[in-house]
Every structure is written in structure tokens, then in C-alpha cells.
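Here is the file protein-v2.cif (mmCIF, C-alpha atoms).
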```cif
data_upload
#
loop_
_atom_site.label_atom_id
_atom_site.label_comp_id
_atom_site.auth_asym_id
_atom_site.auth_seq_id
_atom_site.Cartn_x
_atom_site.Cartn_y
_atom_site.Cartn_z
CA MET A 289 -21.81 23.78 -26.17
CA SER A 290 -23.10 20.55 -24.62
CA VAL A 291 -21.12 18.92 -21.81
CA LEU A 292 -22.41 15.49 -22.88
CA ARG A 293 -19.97 13.08 -24.51
CA PRO A 294 -21.91 10.09 -25.88
CA ASN A 295 -19.04 8.90 -28.11
CA LYS A 296 -16.15 9.35 -25.69
CA LEU A 297 -14.97 5.74 -26.00
CA ALA A 298 -15.03 5.82 -29.78
CA ARG A 299 -13.12 9.10 -29.84
CA GLY A 300 -10.50 7.67 -27.50
CA LEU A 301 -9.95 4.66 -29.74
CA VAL A 302 -9.64 6.84 -32.85
CA ASP A 303 -7.16 9.12 -31.12
CA SER A 304 -5.09 6.10 -30.10
CA GLU A 305 -4.63 4.85 -33.65
CA ASN A 306 -1.67 7.17 -34.24
CA THR A 307 0.01 6.50 -30.90
CA PRO A 308 2.41 3.68 -30.00
CA PRO A 309 0.61 0.62 -28.62
CA THR A 310 0.20 0.13 -24.90
CA ILE A 311 2.04 -2.95 -23.67
CA LEU A 312 0.42 -5.42 -21.29
CA VAL A 313 2.88 -7.04 -18.89
CA LYS A 314 1.60 -9.61 -16.41
CA GLY A 315 -1.88 -8.21 -16.69
CA ARG A 316 -0.75 -4.68 -15.95
CA THR A 317 -0.84 -1.63 -18.13
CA THR A 318 2.61 -0.29 -18.93
CA LEU A 319 2.71 3.14 -20.55
CA ASP A 320 4.87 3.51 -23.63
CA ALA A 321 8.37 4.63 -22.73
CA ASN A 322 8.97 6.44 -26.01
CA LYS A 323 6.13 8.93 -25.53
CA LYS A 324 7.38 12.44 -24.89
CA HIS A 325 5.03 12.95 -21.94
CA ARG A 326 6.29 9.71 -20.39
CA SER A 327 9.35 11.49 -18.99
CA ARG A 328 7.45 14.38 -17.45
CA PRO A 329 8.09 14.41 -13.70
CA PHE A 330 5.30 13.98 -11.20
CA HIS A 331 4.25 17.36 -9.93
CA THR A 332 1.41 18.99 -8.04
CA SER A 333 1.18 22.05 -10.27
CA PRO A 334 -2.17 22.19 -12.09
CA SER A 335 -2.66 20.65 -15.52
CA LYS A 336 -5.09 22.10 -18.03
CA ARG A 337 -7.98 20.16 -16.53
CA THR A 338 -6.90 21.01 -13.02
CA GLN A 339 -6.72 24.69 -13.94
CA LYS A 340 -10.27 24.52 -15.29
CA TYR A 341 -11.47 22.97 -12.04
CA LEU A 342 -9.71 25.63 -9.95
CA VAL A 343 -11.03 28.47 -12.13
CA GLN A 344 -14.58 27.16 -11.81
CA GLN A 345 -14.14 26.79 -8.06
CA ALA A 346 -12.92 30.38 -7.73
CA LYS A 347 -15.81 31.62 -9.88
CA ARG A 348 -18.31 29.81 -7.69
CA LYS A 349 -16.85 31.32 -4.54
CA GLU A 350 -16.97 34.79 -6.08
CA GLN A 351 -20.61 34.33 -7.08
CA MET A 352 -21.50 33.35 -3.52
CA LYS A 353 -20.03 36.55 -2.06
CA ALA A 354 -22.34 39.45 -1.30
CA LYS A 355 -21.55 42.59 -3.29
CA PRO A 356 -21.37 45.93 -1.42
CA GLY A 357 -24.85 47.39 -0.97
CA CYS A 358 -26.56 44.24 -2.25
CA PRO A 359 -28.16 41.37 -0.35
CA PRO A 360 -26.25 38.06 -0.42
CA PRO A 361 -27.10 35.79 -3.36
CA PRO A 362 -29.53 32.94 -2.62
CA ARG A 363 -27.93 29.65 -1.65
CA PHE A 364 -30.92 27.39 -1.09
CA CYS A 365 -34.28 26.58 -2.64
CA THR A 366 -37.18 26.01 -0.29
CA PHE A 367 -40.62 24.76 -1.18
CA THR A 368 -43.70 23.99 0.88
CA LEU A 369 -45.72 20.87 0.26
CA ALA A 370 -49.12 19.91 1.60
CA ARG A 371 -49.07 16.72 3.60
CA ALA A 372 -51.19 13.90 2.25
CA PRO A 373 -54.43 13.62 4.25
CA GLN A 374 -54.56 10.62 6.57
CA PRO A 375 -57.74 8.52 6.57
CA SER A 376 -59.57 8.88 9.85
CA GLN A 377 -60.73 5.82 11.76
CA SER A 378 -62.84 7.85 14.17
CA THR A 379 -66.62 7.56 14.21
CA ALA A 380 -67.03 10.98 15.82
CA PRO A 381 -69.22 13.50 13.99
CA GLU A 382 -67.47 15.75 11.45
CA VAL A 383 -66.25 19.12 12.69
CA ASP A 384 -66.14 22.21 10.51
CA MET A 385 -62.42 23.07 10.08
CA LYS A 386 -62.72 25.91 7.55
CA ASP A 387 -60.39 28.17 9.52
CA ALA A 388 -57.69 25.52 9.99
CA ALA A 389 -54.63 25.78 7.70
CA PRO A 390 -53.66 22.63 5.76
CA ALA A 391 -50.80 20.62 7.23
CA THR A 392 -47.58 21.35 5.32
CA HIS A 393 -43.89 20.60 5.51
CA ASN A 394 -40.90 22.48 4.10
CA ILE A 395 -38.12 21.08 1.91
CA LYS A 396 -34.76 22.86 1.62
CA ILE A 397 -32.08 21.96 -0.93
CA PRO A 398 -28.97 23.85 -2.14
CA ILE A 399 -29.20 25.81 -5.38
CA ALA A 400 -25.79 24.55 -6.53
CA LEU A 401 -23.64 21.56 -5.63
CA HIS A 402 -20.53 22.33 -3.59
CA ARG A 403 -17.22 21.27 -5.10
CA PRO A 404 -14.46 20.21 -2.71
CA GLU A 405 -10.95 21.64 -2.94
CA TYR A 406 -8.83 19.95 -5.61
CA THR A 407 -6.37 17.28 -4.48
CA GLU A 408 -4.13 15.38 -6.92
CA VAL A 409 -3.71 11.62 -6.62
CA SER A 410 -0.68 10.38 -4.69
CA LYS A 411 2.61 9.11 -6.05
CA ALA A 412 2.38 6.12 -3.70
CA ALA A 413 -0.96 5.01 -5.16
CA LEU A 414 0.39 5.23 -8.71
CA ALA A 415 3.61 3.42 -7.79
CA ALA A 416 1.56 0.58 -6.26
CA VAL A 417 0.17 -0.10 -9.75
CA ASP A 418 3.54 0.11 -11.47
CA PRO A 419 6.76 1.51 -9.92
CA SER A 420 7.48 3.46 -13.12
CA TRP A 421 4.19 5.36 -12.76
CA GLU A 422 5.61 7.29 -9.82
CA HIS A 423 7.40 9.58 -12.26
CA ILE A 424 4.60 9.99 -14.80
CA ALA A 425 2.24 12.96 -14.76
CA PRO A 426 -1.16 11.75 -13.44
CA GLU A 427 -3.00 13.60 -16.21
CA TYR A 428 -1.11 11.61 -18.84
CA ILE A 429 -1.97 8.35 -17.07
CA ARG A 430 -5.65 9.28 -17.04
CA GLU A 431 -5.56 10.10 -20.75
CA LYS A 432 -3.95 6.75 -21.59
CA LEU A 433 -6.42 4.82 -19.44
CA GLU A 434 -9.27 6.31 -21.47
CA THR A 435 -7.88 4.56 -24.56
CA LEU A 436 -7.92 1.24 -22.64
CA SER A 437 -11.51 1.58 -21.43
CA LEU A 438 -13.02 -1.07 -23.69
CA SER A 439 -10.39 -3.56 -22.51
CA MET A 440 -11.19 -2.90 -18.86
CA VAL A 441 -14.86 -2.07 -18.36
CA ASP A 442 -16.28 -5.50 -19.27
CA ASN A 443 -14.36 -7.20 -16.49
CA PHE A 444 -15.72 -4.68 -13.99
CA TYR A 445 -18.94 -6.70 -14.36
CA SER A 446 -17.24 -10.10 -13.84
CA ALA A 447 -18.88 -12.44 -11.33
CA PRO A 448 -17.14 -13.58 -8.12
CA MET A 449 -17.33 -17.37 -7.63
CA ASN A 450 -18.06 -19.32 -4.42
CA LEU A 451 -18.42 -16.23 -2.27
CA PRO A 452 -18.79 -17.17 1.44
CA LYS A 453 -21.72 -15.68 3.32
CA ASP A 454 -20.44 -15.72 6.90
CA ALA A 455 -17.24 -13.67 6.64
CA LEU A 456 -15.26 -11.50 4.24
CA PRO A 457 -12.51 -13.65 2.67
CA GLU A 458 -8.98 -12.49 1.93
CA SER A 459 -9.32 -13.45 -1.74
CA VAL A 460 -11.96 -14.75 -4.12
CA GLU A 461 -11.88 -16.48 -7.51
CA VAL A 462 -13.50 -14.36 -10.23
CA LEU A 463 -14.79 -15.61 -13.58
CA LEU A 464 -13.73 -13.03 -16.17
CA LYS A 465 -16.53 -11.72 -18.38
CA ASN A 466 -14.07 -10.71 -21.11
CA PRO A 467 -11.10 -13.13 -21.21
CA GLN A 468 -9.44 -10.97 -23.90
CA GLY A 469 -9.61 -7.82 -21.78
CA ILE A 470 -7.38 -6.52 -19.01
CA PRO A 471 -8.17 -8.52 -15.83
CA PRO A 472 -9.08 -6.61 -12.65
CA SER A 473 -6.56 -6.39 -9.85
CA HIS A 474 -8.78 -6.36 -6.76
CA LEU A 475 -12.24 -7.01 -5.42
CA LEU A 476 -13.91 -4.20 -3.50
CA ALA A 477 -16.38 -5.18 -0.77
CA VAL A 478 -18.55 -2.05 -0.87
CA CYS A 479 -20.79 -1.24 2.07
CA SER A 480 -22.46 1.73 3.68
CA ALA A 481 -20.35 4.04 5.81
CA THR A 482 -23.14 4.13 8.39
CA VAL A 483 -24.88 1.28 10.18
CA PRO A 484 -28.70 1.51 10.14
CA PRO A 485 -30.30 1.82 13.59
CA GLY A 486 -30.83 -1.59 15.13
CA ALA A 487 -28.60 -3.37 12.62
CA THR A 488 -25.63 -5.43 13.80
CA SER A 489 -23.89 -5.68 10.42
CA ARG A 490 -23.70 -3.97 7.05
CA LYS A 491 -24.52 -5.49 3.69
CA MET A 492 -21.46 -5.83 1.45
CA THR A 493 -21.46 -6.18 -2.33
CA ILE A 494 -18.37 -7.44 -4.16
CA TYR A 495 -17.14 -5.67 -7.32
CA PRO A 496 -14.04 -6.42 -9.43
CA ILE A 497 -11.95 -3.28 -10.01
CA HIS A 498 -8.70 -2.17 -11.61
CA ASN A 499 -6.30 -0.51 -9.20
CA ALA A 500 -4.98 1.61 -12.09
CA LEU A 501 -8.40 3.28 -12.35
CA LEU A 502 -8.58 3.96 -8.62
CA ALA A 503 -5.00 5.24 -8.38
CA ALA A 504 -5.47 7.63 -11.32
CA HIS A 505 -8.77 9.15 -10.17
CA CYS A 506 -9.35 8.67 -6.43
CA SER A 507 -7.10 10.95 -4.39
CA ARG A 508 -8.50 9.85 -1.02
CA LEU A 509 -7.91 6.11 -1.37
CA PRO A 510 -4.80 4.31 -0.06
CA PRO A 511 -2.45 2.46 -2.44
CA TYR A 512 -3.74 -0.82 -3.85
CA VAL A 513 -0.68 -2.98 -4.52
CA HIS A 514 -0.96 -5.03 -7.70
CA GLY A 515 -1.22 -8.77 -7.01
CA LYS A 516 0.84 -11.51 -8.63
CA ALA A 517 -2.05 -13.82 -9.52
CA LYS A 518 -2.45 -14.83 -13.17
CA PRO A 519 -5.66 -15.90 -14.92
CA THR A 520 -6.23 -19.66 -15.11
CA ARG A 521 -8.53 -21.59 -17.42
CA SER A 522 -11.15 -24.04 -16.19
CA ALA A 523 -14.31 -25.67 -17.51
CA ASP A 524 -16.24 -22.48 -16.66
CA GLY A 525 -13.84 -20.19 -18.52
CA LEU A 526 -10.94 -17.91 -17.59
CA SER A 527 -10.76 -16.95 -13.91
CA ILE A 528 -8.39 -15.16 -11.56
CA ASN A 529 -7.94 -15.10 -7.79
CA LEU A 530 -8.14 -11.51 -6.49
CA PRO A 531 -7.53 -9.94 -3.07
CA VAL A 532 -10.56 -8.43 -1.33
CA ARG A 533 -10.48 -4.91 0.11
CA PRO A 534 -13.37 -3.34 2.07
CA LEU A 535 -14.65 0.08 1.02
CA ALA A 536 -17.24 2.02 3.02
CA LEU A 537 -19.11 4.71 1.06
CA PRO A 538 -21.86 7.22 1.88
CA ALA A 539 -24.01 5.83 -0.97
CA PRO A 540 -23.10 2.23 -1.95
CA GLU A 541 -25.97 2.14 -4.45
CA ALA A 542 -24.22 4.86 -6.49
CA PHE A 543 -20.90 3.00 -6.72
CA VAL A 544 -21.58 1.18 -10.02
CA PRO A 545 -22.68 4.24 -12.07
CA LEU A 546 -19.76 6.25 -10.69
CA MET A 547 -17.17 3.59 -11.57
CA THR A 548 -18.83 2.98 -14.95
CA TYR A 549 -18.36 6.66 -15.72
CA LEU A 550 -14.67 6.56 -14.72
CA TYR A 551 -14.15 3.60 -17.05
CA THR A 552 -16.07 4.98 -20.03
CA LYS A 553 -16.14 8.79 -19.46
CA ASN A 554 -19.59 8.70 -21.07
CA THR A 555 -21.40 11.72 -19.62
CA LEU A 556 -24.60 11.02 -21.57
CA HIS A 557 -24.99 7.59 -19.98
CA LEU A 558 -24.38 9.11 -16.56
CA LEU A 559 -27.13 11.68 -17.13
CA GLU A 560 -29.44 8.93 -18.39
CA HIS A 561 -28.79 6.95 -15.21
CA ILE A 562 -29.73 9.95 -13.08
CA PHE A 563 -32.98 10.67 -14.93
CA ARG A 564 -33.74 7.00 -15.71
CA GLU A 565 -34.56 7.46 -19.39
CA ARG A 566 -32.89 7.77 -22.77
CA LEU A 567 -31.70 11.30 -23.55
CA HIS A 568 -29.69 10.74 -26.73
CA GLN A 569 -32.00 12.99 -28.75
CA PHE A 570 -31.00 15.93 -26.53
CA SER A 571 -27.22 15.40 -26.61
CA GLU A 572 -26.64 18.13 -29.22
CA LEU A 573 -28.41 20.85 -27.22
CA ASN A 574 -26.27 23.40 -25.44
CA GLN A 575 -26.41 23.59 -21.66
CA LYS A 576 -29.01 26.39 -21.45
CA GLU A 577 -31.31 24.70 -23.96
CA MET A 578 -31.05 21.38 -22.16
CA ILE A 579 -31.85 22.93 -18.76
CA ASN A 580 -34.91 24.74 -20.16
CA HIS A 581 -36.19 21.81 -22.22
CA LEU A 582 -35.61 18.95 -19.78
CA GLY A 583 -36.43 21.03 -16.70
CA THR A 584 -39.80 22.00 -18.18
CA ARG A 585 -40.52 18.45 -19.27
CA PHE A 586 -39.60 16.79 -15.98
CA GLY A 587 -41.43 19.45 -13.98
CA ARG A 588 -44.65 18.83 -15.87
CA GLU A 589 -44.46 15.04 -16.11
CA ASN A 590 -43.10 14.01 -12.68
CA THR A 591 -44.55 13.91 -9.22
CA TYR A 592 -42.71 15.29 -6.19
CA GLN A 593 -41.57 11.75 -5.35
CA GLY A 594 -40.25 11.30 -8.89
CA LEU A 595 -38.11 14.43 -8.75
CA MET A 596 -36.87 13.61 -5.26
CA GLN A 597 -35.65 10.23 -6.55
CA ARG A 598 -33.44 12.15 -9.00
CA VAL A 599 -32.20 14.34 -6.15
CA ILE A 600 -31.22 11.18 -4.26
CA SER A 601 -29.39 9.81 -7.31
CA ILE A 602 -27.33 12.97 -7.74
CA SER A 603 -26.70 13.23 -4.02
CA GLY A 604 -25.35 9.67 -3.92
CA LEU A 605 -22.94 10.32 -6.78
CA TRP A 606 -21.87 13.62 -5.21
CA HIS A 607 -21.23 12.11 -1.78
CA ASN A 608 -19.21 9.22 -3.22
CA ALA A 609 -17.15 11.53 -5.47
CA CYS A 610 -16.29 13.68 -2.45
CA ALA A 611 -15.48 10.66 -0.27
CA LEU A 612 -13.19 9.13 -2.90
CA GLY A 613 -11.58 12.43 -3.94
CA ILE A 614 -12.61 12.37 -7.61
CA PHE A 615 -12.11 15.64 -9.52
CA ASP A 616 -12.96 14.68 -13.09
CA ASP A 617 -14.32 17.67 -15.02
CA GLY A 618 -16.84 15.64 -17.02
CA LEU A 619 -18.27 14.11 -13.85
CA TRP A 620 -18.69 17.41 -12.05
CA ASP A 621 -20.03 19.22 -15.12
CA THR A 622 -22.64 16.49 -15.58
CA LEU A 623 -23.68 16.59 -11.92
CA ASP A 624 -24.01 20.37 -12.13
CA LEU A 625 -26.09 20.08 -15.31
CA ALA A 626 -28.38 17.46 -13.77
CA TRP A 627 -28.82 19.60 -10.64
CA ASP A 628 -29.67 22.70 -12.70
CA ILE A 629 -32.23 20.67 -14.65
CA LEU A 630 -33.83 19.57 -11.38
CA MET A 631 -33.93 23.12 -10.03
CA GLU A 632 -35.76 24.18 -13.19
CA ALA A 633 -38.07 21.18 -12.86
CA PHE A 634 -38.99 22.10 -9.29
CA ASN A 635 -39.61 25.68 -10.39
CA VAL A 636 -41.90 24.51 -13.22
CA ALA A 637 -43.65 22.01 -10.98
CA ALA A 638 -44.75 24.71 -8.50
CA GLY A 639 -48.48 24.96 -8.91
CA GLN A 640 -48.87 21.69 -10.83
CA PRO A 641 -51.80 19.69 -9.37
CA GLN A 642 -49.82 16.49 -8.87
CA PHE A 643 -47.36 18.31 -6.59
CA VAL A 644 -49.67 20.14 -4.20
CA MET A 645 -46.75 22.59 -3.94
CA HIS A 646 -47.66 25.89 -2.30
CA SER A 647 -44.42 27.78 -2.93
CA PHE A 648 -40.94 27.56 -4.38
CA THR A 649 -38.48 30.30 -3.38
CA LYS A 650 -34.74 30.94 -3.28
CA VAL A 651 -33.21 32.05 0.01
#
```
Let me see the structure of the file written as C-alpha cells.
Amino acid sequence: MSVLRPNKLARGLVDSENTPPTILVKGRTTLDANKKHRSRPFHTSPSKRTQKYLVQQAKRKEQMKAKPGCPPPPRFCTFTLARAPQPSQSTAPEVDMKDAAPATHNIKIPIALHRPEYTEVSKAALAAVDPSWEHIAPEYIREKLETLSLSMVDNFYSAPMNLPKDALPESVEVLLKNPQGIPPSHLLAVCSATVPPGATSRKMTIYPIHNALLAAHCSRLPPYVHGKAKPTRSADGLSINLPVRPLALPAPEAFVPLMTYLYTKNTLHLLEHIFRERLHQFSELNQKEMINHLGTRFGRENTYQGLMQRVISISGLWHNACALGIFDDGLWDTLDLAWDILMEAFNVAAGQPQFVMHSFTKV
């Protein structure tokens, strides 16, 4: 069975047709009080999705253990690449170097992505969105937010107006891309968690965000209290003044695709972002078929640099998910699938002329 969900938004809207409508109060999402799950107390015991995550985590740990009398299972892939020859500027006569070995360098990457220990989101973060959310099961909140995705995701791409360049302001006016949708609650000034050598400052990029999304998915973020600002209409359209909060991440360039996934839960689009091409025609394949087909294709058609760009894309998403404390099954299943495809691609690429790869082994 494929882990890809290209029609997740459509399915969420269809499922919501038979449920009571969600009420918008002062730009906030208020969950229906008549729903049976609404009265479930907040608890840290695992839900169905949490149980799946924990079971997969335990299975991974068991697979990494060495069985009695057997060598430990491989944990890393290593491959040796020939260094590109450097043009010589010397006018000295050529020297016969037949006995000299070609210059090489080794690359080592893990066979599987590590999953951090599960942590549920905090009651304080949920209560900062709406005090009544403190007593609602987080899993139910996440399910309801999926049905609101189309009303939220457009305004994630809204444009901040009159952004100063010399300092980070306390608040900024934002022109809403979708005036009919749910307005964002905050602006995140996203920057790198590390300062490049020699740099005195870090580049910050401003993104509108809904604190409900962060509170429901990101267990390692502090509470983001909902503001009291209301949208106002001007000649340019509908705008709203939002507070600015800084957010340092290991991979700022991977912030947009990660948040887009949390809004839409579209695993196919996430996989297409990683591999930078349309993959809709493969969405019905099961996981094994997809790994074999795409791994073979990418291994034959890409250079070493091309595959390493995909490694960087997955690594950025992985680092950000760990830093924010995101434990969404669809996200982690898609990252695992993409990583397995890349491992197969590297295996297929060994020996291809464009790679100049001498070996590919598991250790």
C-alpha cells in the first residue's frame, strides 16, 4: 500500500460534510462543542497514530540490535568517489604515474533516518490558541485542522508590507492573499540556527503562520498567544497587523515545504519537492515497487551531485522536524520512503560512468 496521499485535502473536505460546522470567532478556530470527542480530557496516553509511531520506533530499535551469534546489522552506507582531476598550470615535463592510485574521497550516510522519541504537544500551547483547547485531545484538534486546511494554507503565502531592513519589528502589517480564509495569527522571522563563519548577522525571512497549526503539531515550540488584531480593509485589500516572533532552525530553506505539508498533509507533493519532479503517475505503486522503480530511475539518470541535492533536501526536513518536535506519521513515512529510494539510487549508480563511483557498501 502506498504511503502517498495526493488527495488528502479533498478527502478531508468530503469527510467534513457530515460533521457540524466549525465556528470562526474573532479569526480563531473554535471546535464544535457538541462533538463527542470534544469532551475527551487532555492526556498523554498514546492515540492510534501515536501508538503506530511508538510501534515503528520499537521495531527499528529491535532491527538495529545484534542477534546472538550474528554480526550487528549495517547502519551506514559508504561509497568511494574519484576526485575530479585538477588542471595543471605547470610547464614541467610529464611524469609517468602508472603506479599511483587515483585520488578518492569517502562518503558515509546512514542507511535509515533516526526517529526521535515521541513527545505530545503541550496543554499550554493549545490553551494559548483557545483556552477551551486545553481540555481537548490533541489528536482530535489535528483531525479538525485538516478539514480547515484550504481556509488556512493560502494565507501562509501572504505578503508582509513595509518590512524594515535594519531591525526586526514587533509587528508587521500583512496583506492577506485569501481574504475569505482564516487569517494567520503571527509572523515567524525564520533564520539559521548557526551563524556562518565571518558573518555578523543572520538572514531572516518572514512567514505568516497560524498558531493553531504550530500548537497542534510542534511539541518543542513555546506557546504563541493569539493576538487581538482584526483584519482591516484598505485600497490594497484586506490586511492584518501581526506580532513577529523569531525562529531559528537548522535548515531555514526547508521551512516552507515542511509547513506546507502540515497545512495540506499532501505526502505526494512533499515527495515531489524532495525529488524536484512530478511523481503523480507513481502514486498508486506500493512502497516496494516505488523504491525499486524510482531508485533505479534516479540512479541511472542522476549524477552524484544530483543525488546529493536530494540528500540535502531530506536532511533539511528531518533536522527541522526534530528541532520543532513534529511526529506526524505521514511526514515520517514519506521521509523514510524518500531515503529508501535514494539508498537504492546510490546502489544502482555504483559503476555508472557519470558517477566515477568505485564502491558502495553497507557497514
Applying the PyMOL selection byres ((chain A and resi 596-612) around 7) to the file I just gave you, which residues come out? Please list them as an MDAnalysis selection string. chainID A and resid 404 506:509 537:539 542 546 562:563 592:595 613:614 623
Select, from A:Tyr406, A:Tyr428, A:Trp620, A:Tyr512, the residue with the minimum atom-to-atom distance to Ala500 in chain A, counting all atoms listed in the file.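 Of all the options, A:Tyr512 lies closest to Ala500 in chain A.
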Given the file shown, enumerate the residues that the PyMOL selection byres ((chain A and resi 548-558) around 10) captures and present them as a PyMOL selection string. chain A and resi 291-298+300+430+433-442+444-445+498+501-502+504-505+543-547+559-568+570-571+605+614+616+618-623+626
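Counting from CA of Glu422 in chain A, the distance to CA of Pro510 in chain A is 14.6 Å.
Residue nearest Leu414 in chain A within the list A:Thr591, A:Gln468, A:Ser489, A:Asn499: A:Asn499 [criterion: smallest interatomic distance, all atoms listed in the file].
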Kindly give the distance, in Å, that separates CA of Ile494 in chain A and CA of Lys465 in chain A, rounded to a single decimal. 15.0 Å
